[in-house]
Each structure stands twice: as C-alpha cells, then as structure tokens.
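The structure appears below as structure tokens.
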Amino acid sequence: MKKIFFLVFYIIYFFTYSNLMASEEAKFSVLKSNKIYEIRKYSDRIVVEVISKNQDNSFRKLFNYISGHNKTGQKIQMTRPVTEIKKESFLKMQFYLPAKFSLKNVPNPINPDLKINVIKGGFYAAIRYSGRASNSNFIKHKAILKNELIKDNILILSSPIKATYNRPFTLPQLRRNEAMYKIEWK
C-alpha cells in the first residue's frame, strides 16, 4: 500500500510540476493545417543559445543563465519550446526568452559560450508527436515532415529543428515534441 501511495504521489507531483515548468510559449499563427503538419507564422523572438560539438552541458549552461547566472543576476522564467538545430558537426540549443525582453533589457550572459540572438520571424512547417524526445523519434518525424513538404512543393529553407515542450519527467504519451523546418510561404 505504501508503494502505491508513493507511486501516485510521484506521478501527481511530477505531472503537475511539469506543467508548471514553463508557462509562456513562443507565439505563432496557424496559416494552414492538415492531418500531418501545420504551417505557422512566427514573429521575431529573442533566444539565449549555445553552440557546441555535443549537447553534454548545453542544457545546464542555458538553465544556469535563466536561474540568475547572468550579468544582472535576474532569474528568468523558462518558456517553451527548447529547440535544437544540428548543422554539420555542431549542435545549437536555444531557450526562448519571455516576450517582456528586448535586446535593450535582456540580461547579458556571464558564460562566454552563451549568446543572445534574435530569430527573425517567418514561416515554419511543424509536425507534432508524442513519446520520448529521442533522436530516433525526431529523425522519424522530420523525415515524414520533409517528405510531405516536398510532395506539397513547399521549399525548405533550414536545417530541421527539434522542439521539446515538457520536462523529462512527463509521461511519454503526454509529451509534446515537434520537428520543424523554416519554409518559403506565399
């Protein structure tokens, strides 16, 4: 009985906590939607990012920044999604910053590996999937999305983007993950 109580407590605690982790999400408008993907229009967004040869410490560096390890000591609420973009042998991981920040008021990083950047607004195709945010799951869904975009004669302008929205403790069937591409849209 004690084990069941702790299991229920654990599930409720981490499920609730995972929903509280990040409340603000990058804003977008859905321009087109079908059974497989949607076309979105995003505005400019400010991110803090790190580029590395592997992702071993990337998340920790970004998390330290929003936890107050920045030049003003300001704690910043985590937002959704966390994105990863692989280009050649490098991995770029990004945390989106809350909308209240601009280049004029965003705290500068202390860690020289971190950079503040503006992602220019534009059009993106996204496919949503649940399950683990594993590379194999991402590879499968980015291939599905790429094939559908090619079939629909939509020009892909970027490397694939992996977007994750939940804490690691979220049950796999409740997770929201996405594969995205920046596209040309008229």
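By convention here, the chains of the structure tokens are called A, B, ... in the order presented, each chain's residues are numbered starting at 1, and ligands are numbered starting at 1 in the order presented.
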query: In chain A, what's helix (DSSP H, G or I) per DSSP? Answer as JSON, numbers by chain?
result: {"A": [2, 3, 4, 5, 6, 7, 8, 9, 10, 11, 12, 13, 14, 15, 16, 17, 18, 19, 20, 58, 59, 60, 61, 62, 63, 64, 65, 66, 135, 136, 137, 138, 139, 140, 141, 142, 143, 144, 145, 146, 147, 148, 149, 150, 151, 172, 173, 174]}
Those selected residues, please, written with C-alpha atoms and delivered as a compact mmCIF listing (two decimals), in the first residue's frame.
# COMPACT_ATOMS: atom_id res chain seq x y z
CA LYS A 2 2.85 2.34 0.86
CA LYS A 3 4.43 1.74 -2.57
CA ILE A 4 1.17 2.59 -4.35
CA PHE A 5 0.84 5.82 -2.34
CA PHE A 6 4.38 6.91 -3.26
CA LEU A 7 3.85 5.97 -6.91
CA VAL A 8 0.63 8.01 -7.10
CA PHE A 9 2.29 10.91 -5.27
CA TYR A 10 5.30 10.77 -7.62
CA ILE A 11 3.10 10.78 -10.74
CA ILE A 12 0.89 13.63 -9.50
CA TYR A 13 3.84 15.70 -8.29
CA PHE A 14 5.91 15.43 -11.44
CA PHE A 15 2.93 15.69 -13.80
CA THR A 16 1.79 18.87 -12.05
CA TYR A 17 5.33 20.22 -11.81
CA SER A 18 5.99 19.53 -15.49
CA ASN A 19 3.00 21.66 -16.45
CA LEU A 20 4.27 24.50 -14.27
CA SER A 58 24.30 22.79 -23.26
CA PHE A 59 21.08 22.49 -21.30
CA ARG A 60 22.87 23.12 -17.99
CA LYS A 61 24.56 26.27 -19.35
CA LEU A 62 21.24 27.64 -20.58
CA PHE A 63 19.44 26.67 -17.38
CA ASN A 64 22.12 28.39 -15.27
CA TYR A 65 21.57 31.57 -17.32
CA ILE A 66 17.82 31.68 -16.62
CA ASN A 135 16.92 11.27 -31.70
CA SER A 136 15.28 8.25 -33.36
CA ASN A 137 11.79 9.67 -32.75
CA PHE A 138 12.90 13.07 -34.09
CA ILE A 139 14.60 11.55 -37.16
CA LYS A 140 11.43 9.60 -37.97
CA HIS A 141 9.17 12.67 -37.74
CA LYS A 142 11.48 15.10 -39.51
CA ALA A 143 11.61 12.63 -42.43
CA ILE A 144 7.80 12.41 -42.52
CA LEU A 145 7.57 16.21 -42.49
CA LYS A 146 10.25 16.67 -45.14
CA ASN A 147 8.59 14.13 -47.45
CA GLU A 148 5.20 15.82 -47.07
CA LEU A 149 6.66 19.27 -47.75
CA ILE A 150 8.41 18.01 -50.88
CA LYS A 151 5.21 16.30 -52.01
CA PRO A 172 5.87 9.87 -22.79
CA GLN A 173 2.27 9.71 -24.02
CA LEU A 174 1.64 13.20 -22.56
message: Let's see if you can do this: from backbone DSSP, list all strand (DSSP E) residues in region 3-107 of chain A, as a ChimeraX atom specification.
response: /A:24-25,28-33,38-42,45-52,79-80,82-87,90-96
query: Do you have the CA of Ile161 (chain A)-CA of Ala126 (chain A) distance handy?
result: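 Separating CA of Ile161 (chain A) from CA of Ala126 (chain A) is a distance of 9.1 Å.
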message: Can you measure CA of Asn153 (chain A) to CA of Lys41 (chain A) for me? One decimal in Å is fine.
response: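 One can read the CA of Asn153 (chain A) to CA of Lys41 (chain A) distance as 18.1 Å.
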task: In Å, rounded to a single decimal, give me how far CA of Asn111 (chain A) is from CA of His69 (chain A).
output: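 Calculated distance between CA of His69 (chain A) and CA of Asn111 (chain A) is 8.2 Å.
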Contact residues around Lys71 (chain A) with only C-alpha atoms at 7 Å, ignoring same-chain residues under 4 positions, as a list of chain:residue names: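 Non-adjacent residues within range: A:Pro107, A:Asn108, A:Pro109, A:Ile110.
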- request: Do a neighbour search on Gly122 (chain A) at 10 Å with only C-alpha atoms, toss out local chain neighbours closer than 3 positions, and write the hits as a PyMOL selection string.
  value: chain A and resi 28+40-44+119+182-185
message: For a quick check of understanding, using only C-alpha atoms, which of A:Ala125, A:Ile36, A:Ala163, A:Leu31 has the smallest distance to Gln94 (chain A)?
response: A:Ala163
message: Calculated over only C-alpha atoms, which of the candidates A:Tyr124, A:Ala133, A:Lys162, A:Leu155 has the smallest distance to Ser33 (chain A)?
response: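 Answer, going by the shortest atom-to-atom distance: A:Tyr124.
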- prompt: For Ser130 (chain A), which of A:Ile46, A:Gly73, A:Lys186, A:Arg176 is the closest residue, counting only C-alpha atoms?
  reply: A:Arg176
